Amino acid sequence: MSHTKIRKCLFPAAGYGTRFLPATKAIPKEMLPVLTKPLLQYGVEEAISAGLDTMAIVTGRGKRAIEDHFDISYELEHQIKGTSKEHYLTEIRAVITKCTFSYTRQVEMKGLGHAILSGQTLIGDEPFAVILADDLCDNDEGPTVLNQMVKLYEKHRCSIVAIEEVPIEETHKYGVIKAHEIEKNLFEIEDMVEKPDPKDAPSNLAIIGRYILTPDIFEILEQTLPGKNGEIQITDALRTQAQKGKVLGFKFAGRRFDCGSVDGFVEATNYFYAK
Ligand code: UTP
C-alpha cells in the first residue's frame, strides 16, 4: 500500500474556533474569508495544485455552509450569467469541476487526532494529505507547500510533517520535534511533544498544518490515549509512528499565516491584498 499515489486530502474543520467568536458561532472558522475567498477554498486549491482530486472534510457544525460553498448555486449562476459579474465565480467553478467532495462528522470534539481518525471512513487504506485550512500557506517562488510535500513523499514513502522555525517563547502553541537533519531542510524525527513550555521544548522546530500520513496512522490513533488538554493528539500518534518506523519533518519553502489567531488573520489579509 505504501506505493500508492496520493489522491485524497483530509480537512479537519470541526474545531470550535473559540478565538474567533462570535464570527464562528454558526459557521466554521475555515469558512472565514481572507479577502473574498474562504480559508477552506485556499486549502482545496493547494490540494489541487499538488495533484489531489478527492477532498474529504471532517465537519462538526456549519456543515451546510461548507457543502453549499463547494456546490453549484443554480439561482446565482442564472442571475449573473452573461453579466459583468460572472468572473467572480470563475475560481470556485474551477474547483468544483476538478474534484469531488465528501463529508463526515466528528461527533465529539476530542482533538485533532480524533478528527483525523473520524476521517478514516473517507480515506480508507491509502496514504493521504491533511490540510488545516486555518494555517494558510503561500509560496510566491514555486510549488505550493503541499505540492513540495507530495513530491517528497514519492521519494521517501513515509509520513511527513511540515515544520517551521518559531520563536522559542511560542513553542507552547505547537507540536515540537526533536530531530536530526538528513539533507537540506529535511529532518528525521526522533521524538515530538505537543505544546511544550519553552523550557521543555526539544527544539524550535514546530509542526504546522500540513501533513502526509500513511494509513497505519489510523490504527495508532485508535490506541492513542488523550494527551495534552485531554485531547487525542496527532502529535502523540506521529511520535509512536516515528519510533516504530520513520517520520520526516520538512522545512518547506514559502510562508505560513496562523489564521486561527486574529493577528495571523490580519497579516494574511494584508499580504494577499498587497499581492
Ligand atoms: P485548533 O487547535 O486551532 O482549535 O484546531 P479550534 O478549536 O479550531 O480553535 P480555537 O483554539 O478554539 O480558537 C486545529 C485544527 O484542528 C481542527 C480545527 O478545526 C482546526 O482546523 N479540530 C480540532 C477538529 O477538527 N476537531 C477537534 O476536535 C479539534
# chains A, B, ... in the order shown; residues from 1 in each chain; ligands from 1
>>> residues_near_ligand(ligand="ligand 1", cutoff="6 Å", atoms="only C-alpha atoms and all ligand atoms", output="PDB file with N, CA, C and O atoms, in the first residue's frame")
ATOM      1  N   PRO A  12      -9.643  18.633   8.483  1.00  0.00           N
ATOM      2  CA  PRO A  12     -10.357  18.698   9.763  1.00  0.00           C
ATOM      3  C   PRO A  12     -10.920  20.115   9.934  1.00  0.00           C
ATOM      4  O   PRO A  12     -10.170  21.075   9.892  1.00  0.00           O
ATOM      5  N   ALA A  13     -12.214  20.200  10.071  1.00  0.00           N
ATOM      6  CA  ALA A  13     -12.844  21.528  10.181  1.00  0.00           C
ATOM      7  C   ALA A  13     -13.954  21.481  11.221  1.00  0.00           C
ATOM      8  O   ALA A  13     -15.027  22.035  11.023  1.00  0.00           O
ATOM      9  N   ALA A  14     -13.667  20.806  12.315  1.00  0.00           N
ATOM     10  CA  ALA A  14     -14.713  20.613  13.323  1.00  0.00           C
ATOM     11  C   ALA A  14     -14.426  21.357  14.624  1.00  0.00           C
ATOM     12  O   ALA A  14     -15.239  21.317  15.541  1.00  0.00           O
ATOM     13  N   GLY A  15     -13.284  22.020  14.692  1.00  0.00           N
ATOM     14  CA  GLY A  15     -12.915  22.707  15.940  1.00  0.00           C
ATOM     15  C   GLY A  15     -13.904  23.808  16.282  1.00  0.00           C
ATOM     16  O   GLY A  15     -14.678  24.251  15.421  1.00  0.00           O
ATOM     17  N   TYR A  16     -13.882  24.273  17.503  1.00  0.00           N
ATOM     18  CA  TYR A  16     -14.844  25.293  17.924  1.00  0.00           C
ATOM     19  C   TYR A  16     -14.474  26.691  17.421  1.00  0.00           C
ATOM     20  O   TYR A  16     -15.330  27.567  17.321  1.00  0.00           O
ATOM     21  N   GLY A  17     -13.190  26.913  17.157  1.00  0.00           N
ATOM     22  CA  GLY A  17     -12.776  28.245  16.703  1.00  0.00           C
ATOM     23  C   GLY A  17     -13.117  29.328  17.706  1.00  0.00           C
ATOM     24  O   GLY A  17     -13.553  30.422  17.338  1.00  0.00           O
ATOM     25  N   THR A  18     -12.896  29.031  18.983  1.00  0.00           N
ATOM     26  CA  THR A  18     -13.318  29.978  20.036  1.00  0.00           C
ATOM     27  C   THR A  18     -12.621  31.329  19.914  1.00  0.00           C
ATOM     28  O   THR A  18     -13.200  32.347  20.286  1.00  0.00           O
ATOM     29  N   ARG A  19     -11.400  31.334  19.359  1.00  0.00           N
ATOM     30  CA  ARG A  19     -10.686  32.605  19.259  1.00  0.00           C
ATOM     31  C   ARG A  19     -11.337  33.548  18.267  1.00  0.00           C
ATOM     32  O   ARG A  19     -11.002  34.719  18.210  1.00  0.00           O
ATOM     33  N   MET A 109     -15.896  16.693  19.894  1.00  0.00           N
ATOM     34  CA  MET A 109     -14.624  17.357  19.602  1.00  0.00           C
ATOM     35  C   MET A 109     -13.560  16.858  20.583  1.00  0.00           C
ATOM     36  O   MET A 109     -13.381  17.443  21.638  1.00  0.00           O
ATOM     37  N   LYS A 110     -12.924  15.762  20.206  1.00  0.00           N
ATOM     38  CA  LYS A 110     -11.930  15.199  21.116  1.00  0.00           C
ATOM     39  C   LYS A 110     -10.502  15.412  20.632  1.00  0.00           C
ATOM     40  O   LYS A 110      -9.618  14.643  20.943  1.00  0.00           O
ATOM     41  N   GLY A 111     -10.320  16.441  19.818  1.00  0.00           N
ATOM     42  CA  GLY A 111      -8.958  16.787  19.408  1.00  0.00           C
ATOM     43  C   GLY A 111      -8.676  16.499  17.942  1.00  0.00           C
ATOM     44  O   GLY A 111      -9.443  15.807  17.260  1.00  0.00           O
ATOM     45  N   LEU A 112      -7.549  17.051  17.479  1.00  0.00           N
ATOM     46  CA  LEU A 112      -7.175  16.911  16.069  1.00  0.00           C
ATOM     47  C   LEU A 112      -6.942  15.450  15.684  1.00  0.00           C
ATOM     48  O   LEU A 112      -7.359  15.008  14.611  1.00  0.00           O
ATOM     49  N   ALA A 115     -10.202  13.916  15.222  1.00  0.00           N
ATOM     50  CA  ALA A 115     -10.832  14.389  13.980  1.00  0.00           C
ATOM     51  C   ALA A 115     -10.268  13.623  12.784  1.00  0.00           C
ATOM     52  O   ALA A 115     -11.014  13.217  11.883  1.00  0.00           O
ATOM     53  N   LEU A 132      -4.760  21.743   7.487  1.00  0.00           N
ATOM     54  CA  LEU A 132      -5.522  22.550   8.436  1.00  0.00           C
ATOM     55  C   LEU A 132      -5.679  23.914   7.783  1.00  0.00           C
ATOM     56  O   LEU A 132      -4.711  24.674   7.665  1.00  0.00           O
ATOM     57  N   ALA A 133      -6.903  24.175   7.338  1.00  0.00           N
ATOM     58  CA  ALA A 133      -7.116  25.358   6.489  1.00  0.00           C
ATOM     59  C   ALA A 133      -6.864  26.657   7.238  1.00  0.00           C
ATOM     60  O   ALA A 133      -6.641  27.702   6.618  1.00  0.00           O
ATOM     61  N   ASP A 134      -6.872  26.612   8.574  1.00  0.00           N
ATOM     62  CA  ASP A 134      -6.594  27.856   9.301  1.00  0.00           C
ATOM     63  C   ASP A 134      -5.104  28.195   9.295  1.00  0.00           C
ATOM     64  O   ASP A 134      -4.718  29.292   9.676  1.00  0.00           O
ATOM     65  N   GLY A 260      -5.890  31.065  12.542  1.00  0.00           N
ATOM     66  CA  GLY A 260      -6.700  30.722  13.710  1.00  0.00           C
ATOM     67  C   GLY A 260      -6.578  31.794  14.784  1.00  0.00           C
ATOM     68  O   GLY A 260      -7.303  31.775  15.778  1.00  0.00           O
TER      69      GLY A 260
END
>>> select_by_dssp(residues="region 116-193 of chain A", states="helix (DSSP H, G or I)", output="list in words")
Ile116, Leu117, Ser118, Gln120, Thr121, Leu122, Ile123, Val145, Leu146, Asn147, Gln148, Met149, Val150, Lys151, Leu152, Tyr153, Glu154, Lys155, His156, Ile168, Glu169, Glu170, Thr171, His172 and Lys173 of chain A
>>> write_last_selection(atoms="C-alpha atoms", output="PDB file, in the first residue's frame")
ATOM      1  CA  ILE A 116      -8.330  12.667  11.669  1.00  0.00           C
ATOM      2  CA  LEU A 117      -9.461   9.268  12.928  1.00  0.00           C
ATOM      3  CA  SER A 118     -13.065  10.288  12.179  1.00  0.00           C
ATOM      4  CA  GLN A 120     -10.822   7.159   8.173  1.00  0.00           C
ATOM      5  CA  THR A 121     -14.156   6.211   6.644  1.00  0.00           C
ATOM      6  CA  LEU A 122     -13.490   8.687   3.795  1.00  0.00           C
ATOM      7  CA  ILE A 123      -9.804   7.839   3.330  1.00  0.00           C
ATOM      8  CA  VAL A 145       3.715  23.686   0.249  1.00  0.00           C
ATOM      9  CA  LEU A 146       1.579  20.561  -0.238  1.00  0.00           C
ATOM     10  CA  ASN A 147       2.971  20.096  -3.731  1.00  0.00           C
ATOM     11  CA  GLN A 148       6.508  20.151  -2.273  1.00  0.00           C
ATOM     12  CA  MET A 149       5.456  17.543   0.297  1.00  0.00           C
ATOM     13  CA  VAL A 150       3.774  15.200  -2.186  1.00  0.00           C
ATOM     14  CA  LYS A 151       6.973  15.178  -4.260  1.00  0.00           C
ATOM     15  CA  LEU A 152       8.965  14.310  -1.148  1.00  0.00           C
ATOM     16  CA  TYR A 153       6.537  11.524  -0.310  1.00  0.00           C
ATOM     17  CA  GLU A 154       7.080   9.969  -3.723  1.00  0.00           C
ATOM     18  CA  LYS A 155      10.741   9.620  -2.807  1.00  0.00           C
ATOM     19  CA  HIS A 156      10.533   8.649   0.876  1.00  0.00           C
ATOM     20  CA  ILE A 168      11.222  29.666  21.338  1.00  0.00           C
ATOM     21  CA  GLU A 169       8.663  31.510  23.509  1.00  0.00           C
ATOM     22  CA  GLU A 170       5.916  30.298  21.150  1.00  0.00           C
ATOM     23  CA  THR A 171       6.546  26.548  21.403  1.00  0.00           C
ATOM     24  CA  HIS A 172       3.516  26.149  23.686  1.00  0.00           C
ATOM     25  CA  LYS A 173       1.265  26.694  20.648  1.00  0.00           C
TER      26      LYS A 173
END
>>> select_by_dssp(residues="region 37-240 of chain A", states="strand (DSSP E)", output="NGL selection string")
:A and (37-38 or 54-59 or 100-105 or 128-131 or 135-138 or 159-165 or 175-183 or 186-194 or 205-213)
>>> residues_around(residues="Glu91 (chain A)", least_positions_apart="2", cutoff="12 Å", atoms="only C-alpha atoms", output="NGL selection string")
:A and (36-38 or 41-42 or 44-45 or 69-70 or 86-89 or 93-98)
>>> closest_residue(among="A:Gly60, A:Pro196, A:Pro143, A:Pro28", to="Asn229 (chain A)", atoms="only C-alpha atoms")
A:Pro196
>>> decode(residues="region 79-118 of chain A", atoms="C-alpha atoms", output="mmCIF file, in the first residue's frame")
data_model
loop_
_atom_site.group_PDB
_atom_site.id
_atom_site.type_symbol
_atom_site.label_atom_id
_atom_site.label_comp_id
_atom_site.auth_asym_id
_atom_site.auth_seq_id
_atom_site.Cartn_x
_atom_site.Cartn_y
_atom_site.Cartn_z
ATOM 1 C CA GLN A 79 -28.681 35.592 -12.097
ATOM 2 C CA ILE A 80 -25.173 36.534 -13.137
ATOM 3 C CA LYS A 81 -24.755 34.544 -16.331
ATOM 4 C CA GLY A 82 -23.669 36.840 -19.135
ATOM 5 C CA THR A 83 -23.221 39.841 -16.829
ATOM 6 C CA SER A 84 -20.012 41.646 -15.905
ATOM 7 C CA LYS A 85 -20.059 39.877 -12.537
ATOM 8 C CA GLU A 86 -19.668 36.381 -13.891
ATOM 9 C CA HIS A 87 -15.908 36.339 -13.369
ATOM 10 C CA TYR A 88 -16.402 36.391 -9.588
ATOM 11 C CA LEU A 89 -17.402 32.738 -9.795
ATOM 12 C CA THR A 90 -14.587 31.563 -12.064
ATOM 13 C CA GLU A 91 -12.282 30.237 -9.350
ATOM 14 C CA ILE A 92 -14.886 28.367 -7.351
ATOM 15 C CA ARG A 93 -16.356 26.837 -10.526
ATOM 16 C CA ALA A 94 -12.912 25.540 -11.459
ATOM 17 C CA VAL A 95 -12.515 23.967 -8.019
ATOM 18 C CA ILE A 96 -15.901 22.260 -8.242
ATOM 19 C CA THR A 97 -15.199 20.733 -11.636
ATOM 20 C CA LYS A 98 -11.713 19.491 -10.742
ATOM 21 C CA CYS A 99 -12.506 17.432 -7.660
ATOM 22 C CA THR A 100 -15.077 15.610 -5.571
ATOM 23 C CA PHE A 101 -16.080 16.362 -2.000
ATOM 24 C CA SER A 102 -17.200 14.040 0.740
ATOM 25 C CA TYR A 103 -18.087 14.776 4.330
ATOM 26 C CA THR A 104 -18.206 13.130 7.685
ATOM 27 C CA ARG A 105 -18.910 14.460 11.142
ATOM 28 C CA GLN A 106 -16.736 14.392 14.190
ATOM 29 C CA VAL A 107 -19.479 13.810 16.712
ATOM 30 C CA GLU A 108 -17.482 14.843 19.773
ATOM 31 C CA MET A 109 -14.624 17.357 19.602
ATOM 32 C CA LYS A 110 -11.930 15.199 21.116
ATOM 33 C CA GLY A 111 -8.958 16.787 19.408
ATOM 34 C CA LEU A 112 -7.175 16.911 16.069
ATOM 35 C CA GLY A 113 -6.040 13.268 16.277
ATOM 36 C CA HIS A 114 -9.631 12.225 16.891
ATOM 37 C CA ALA A 115 -10.832 14.389 13.980
ATOM 38 C CA ILE A 116 -8.330 12.667 11.669
ATOM 39 C CA LEU A 117 -9.461 9.268 12.928
ATOM 40 C CA SER A 118 -13.065 10.288 12.179
#
